[in-house]
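Encoded as structure tokens, the structure appears first; notes follow it.
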Amino acid sequence: MRTLPIPYPLIEHMDDRTLVSCLLKKLEKETDQFWYGMYHLLFKKLQSIYHPDSTNEVELTDSIYLHVMEPRPPKDTSRLQDYQFQCRLPWWMKVVSVHFCISKYKKRRLVYCFGTYEDLHGDEKTESVAVDISREDFEKIVGMMKNERYRDLIRHHYLENLDHDETAAKMGESMSSYYRTHERAKKQLRETYMKEMGY
């Protein structure tokens, strides 16, 4: 039995588009290094939070792989095929994986993101940091947001666990418009949270 995480020298310095292309082509070595090397620590952390009783080290990894790679109706495309590169791949993978875990294991607590954090590789800044918050408290914060459309987007995406495409369709927006609305909604949510917490 191999030791995890495995090294990932083939993909370590790939840009997002090249890496996604390798994954969609199902190149064996690159795929192996992505799922059992580069993202092993993320999946291991999520398993400890959402499925701590499991003794199978790759159970969650295999489940998320199917979630990301299997075709879905009506377009018969996978989530990875529908990834539009509107955000960095590490952030997209984290969001998709957390949403999968929340949906699969029905946990009452959410991990949402505010402020600033260094991403999985520690080499860049993004707009969010994980905050553990109860669903009840999260819904309260969302309900305090001033903009009704922003509230709806946050509810659809973070509470109903719709993915970006599904949320955009429900909101009646194109993907480019949706991502702009999403960024503004997250900003207002973050400001509402910080005000409520007394910062």
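Ordered as shown in the structure tokens, chains take letters A, B, and onward, while each chain numbers its residues from 1 and ligands are numbered from 1 in the order shown.
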Contacts between segment 78-84 of chain A and segment 151-180 of chain A, please, where a residue of segment 151-180 of chain A counts if it comes within 10 Å (with only C-alpha atoms); show its shortest atom pair and distance in Å to one decimal, rows by chain and ascending number, as CSV.
```
residue,atom,partner,partner_atom,distance
A:Asp163,CA,A:Arg79,CA,8.9
A:His164,CA,A:Tyr83,CA,9.2
A:Asp165,CA,A:Asp82,CA,8.1
A:Met175,CA,A:Gln84,CA,8.7
A:Ser176,CA,A:Gln84,CA,9.5
```
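Atom to atom, atom CA of Trp92 of chain A and atom CA of Thr192 of chain A stand 23.8 Å apart.
Every protein or nucleic acid residue with an atom no more than 8 Å from Gly37 of chain A, counting only C-alpha atoms and leaving out same-chain residues fewer than 6 positions away, appears here: A:Leu4, A:Pro5, A:Ile6, A:Pro7, A:Tyr8.
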Give me a file of those residues, with N, CA and C atoms, as a short mmCIF file (atom, residue, chain, number, x, y, z; two decimals), in the first residue's frame.
```cif
data_model
loop_
_atom_site.label_atom_id
_atom_site.label_comp_id
_atom_site.auth_asym_id
_atom_site.auth_seq_id
_atom_site.Cartn_x
_atom_site.Cartn_y
_atom_site.Cartn_z
N LEU A 4 0.56 8.03 1.37
CA LEU A 4 -0.06 9.26 0.89
C LEU A 4 0.35 10.43 1.77
N PRO A 5 0.46 11.63 1.21
CA PRO A 5 0.26 11.96 -0.21
C PRO A 5 1.44 11.53 -1.07
N ILE A 6 1.15 11.21 -2.34
CA ILE A 6 2.21 10.86 -3.26
C ILE A 6 2.85 12.14 -3.80
N PRO A 7 4.10 12.11 -4.23
CA PRO A 7 4.73 13.29 -4.84
C PRO A 7 3.99 13.69 -6.12
N TYR A 8 4.05 14.96 -6.47
CA TYR A 8 3.35 15.40 -7.69
C TYR A 8 4.23 16.32 -8.56
#
```
Within 8 Å of segment 59-61 of chain A using only C-alpha atoms, minus same-chain residues under 2 positions, as a PyMOL selection string: chain A and resi 35-36+40+43+47+54+56-57+63-65
Expected file: the selected residues, N, CA and C atoms, as a tab-separated table (two decimals), in the first residue's frame:
```tsv
chain	number	residue	atom	x	y	z
A	35	TRP	N	-5.13	13.88	-7.56
A	35	TRP	CA	-6.09	13.44	-6.56
A	35	TRP	C	-5.44	12.86	-5.31
A	36	TYR	N	-4.31	12.20	-5.44
A	36	TYR	CA	-3.70	11.53	-4.30
A	36	TYR	C	-2.39	12.18	-3.84
A	40	HIS	N	-4.46	15.80	-1.59
A	40	HIS	CA	-4.67	14.81	-0.53
A	40	HIS	C	-4.91	15.47	0.83
A	43	PHE	N	-8.47	16.85	1.13
A	43	PHE	CA	-9.46	15.79	1.30
A	43	PHE	C	-9.34	15.13	2.67
A	47	GLN	N	-12.30	14.98	5.36
A	47	GLN	CA	-12.75	13.69	5.90
A	47	GLN	C	-12.74	13.72	7.42
A	54	SER	N	-14.59	7.13	9.26
A	54	SER	CA	-14.06	6.31	8.18
A	54	SER	C	-12.58	5.99	8.40
A	56	ASN	N	-10.97	4.42	5.84
A	56	ASN	CA	-10.47	4.34	4.46
A	56	ASN	C	-9.92	5.71	4.07
A	57	GLU	N	-8.61	5.79	3.89
A	57	GLU	CA	-7.95	7.07	3.67
A	57	GLU	C	-8.34	7.74	2.36
A	63	SER	N	-14.91	9.60	-3.78
A	63	SER	CA	-16.28	10.13	-3.92
A	63	SER	C	-16.26	11.51	-4.58
A	64	ILE	N	-15.32	12.35	-4.18
A	64	ILE	CA	-15.23	13.69	-4.78
A	64	ILE	C	-14.79	13.59	-6.24
A	65	TYR	N	-13.91	12.63	-6.52
A	65	TYR	CA	-13.50	12.41	-7.91
A	65	TYR	C	-14.72	12.16	-8.80
```
As an exercise, work out the distance from atom CA of Arg180 of chain A to atom CA of Asn161 of chain A in Å and give it to one decimal place.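 Computed distance, atom CA of Arg180 of chain A to atom CA of Asn161 of chain A, equals 19.0 Å.
The residue that comes closest to Ser97 of chain A, out of A:Phe138, A:Tyr50, A:Tyr178, A:Tyr193 and on the basis of only C-alpha atoms, is A:Tyr50.
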Could you tell me, as a PyMOL selection string, which residues of segment 46-194 of chain A DSSP assigns to strand (DSSP E) when given the backbone? chain A and resi 109-114+117-118+125-126+129-134
File of the preceding selection, C-alpha atoms, as a PDB file, in the first residue's frame:
```pdb
ATOM      1  CA  ARG A 109     -22.137  23.386  10.652  1.00  0.00           C
ATOM      2  CA  LEU A 110     -20.806  25.283   7.676  1.00  0.00           C
ATOM      3  CA  VAL A 111     -17.342  26.415   6.785  1.00  0.00           C
ATOM      4  CA  TYR A 112     -17.675  29.829   5.191  1.00  0.00           C
ATOM      5  CA  CYS A 113     -14.947  32.206   4.165  1.00  0.00           C
ATOM      6  CA  PHE A 114     -14.193  35.806   5.060  1.00  0.00           C
ATOM      7  CA  TYR A 117      -6.108  33.522   3.510  1.00  0.00           C
ATOM      8  CA  GLU A 118      -3.214  31.847   1.766  1.00  0.00           C
ATOM      9  CA  LYS A 125      -3.658  35.504  -1.529  1.00  0.00           C
ATOM     10  CA  THR A 126      -7.361  35.116  -2.158  1.00  0.00           C
ATOM     11  CA  VAL A 129     -10.608  32.601   5.202  1.00  0.00           C
ATOM     12  CA  ALA A 130     -12.522  29.647   6.612  1.00  0.00           C
ATOM     13  CA  VAL A 131     -14.842  30.377   9.531  1.00  0.00           C
ATOM     14  CA  ASP A 132     -16.737  27.607  11.315  1.00  0.00           C
ATOM     15  CA  ILE A 133     -20.288  28.848  11.863  1.00  0.00           C
ATOM     16  CA  SER A 134     -23.581  27.144  12.673  1.00  0.00           C
TER      17      SER A 134
END
```
Could you work out how far atom CA of His67 of chain A lies from atom CA of Arg88 of chain A, giving the answer in Å with one decimal?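 Calculated distance between atom CA of Arg88 of chain A and atom CA of His67 of chain A is 18.8 Å.
Compared by their closest atoms to Val68 of chain A, and using only C-alpha atoms, the residues A:Leu24, A:Ser103, A:Thr167, A:His182 rank with A:Leu24 nearest.
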Just list as number ranges by chain whatever in segment 23-172 of chain A DSSP marks as alpha helix (DSSP H). A: 23-24, 28-33, 40-50, 59-69, 79-82, 89-105, 135-143, 148-154, 164-171
Nearest residue to Met194 of chain A from the set A:Leu162, A:Ala168, A:Ile141, A:Leu19 (distances using only C-alpha atoms):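 Using only C-alpha atoms, Met194 of chain A sits closest to A:Ile141.
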Taking only C-alpha atoms into account, name the residue in A:Val20, A:Lys140, A:Lys44, A:Glu70 that is nearest to Pro90 of chain A. A:Val20
Just the residues within 9 Å of segment 149-153 of chain A, please, counting only C-alpha atoms, with nothing from its chain fewer than 6 positions along; format it as an NGL selection string. :A and (142-143 or 167-168 or 170-171 or 181-182 or 184-186 or 188-189)
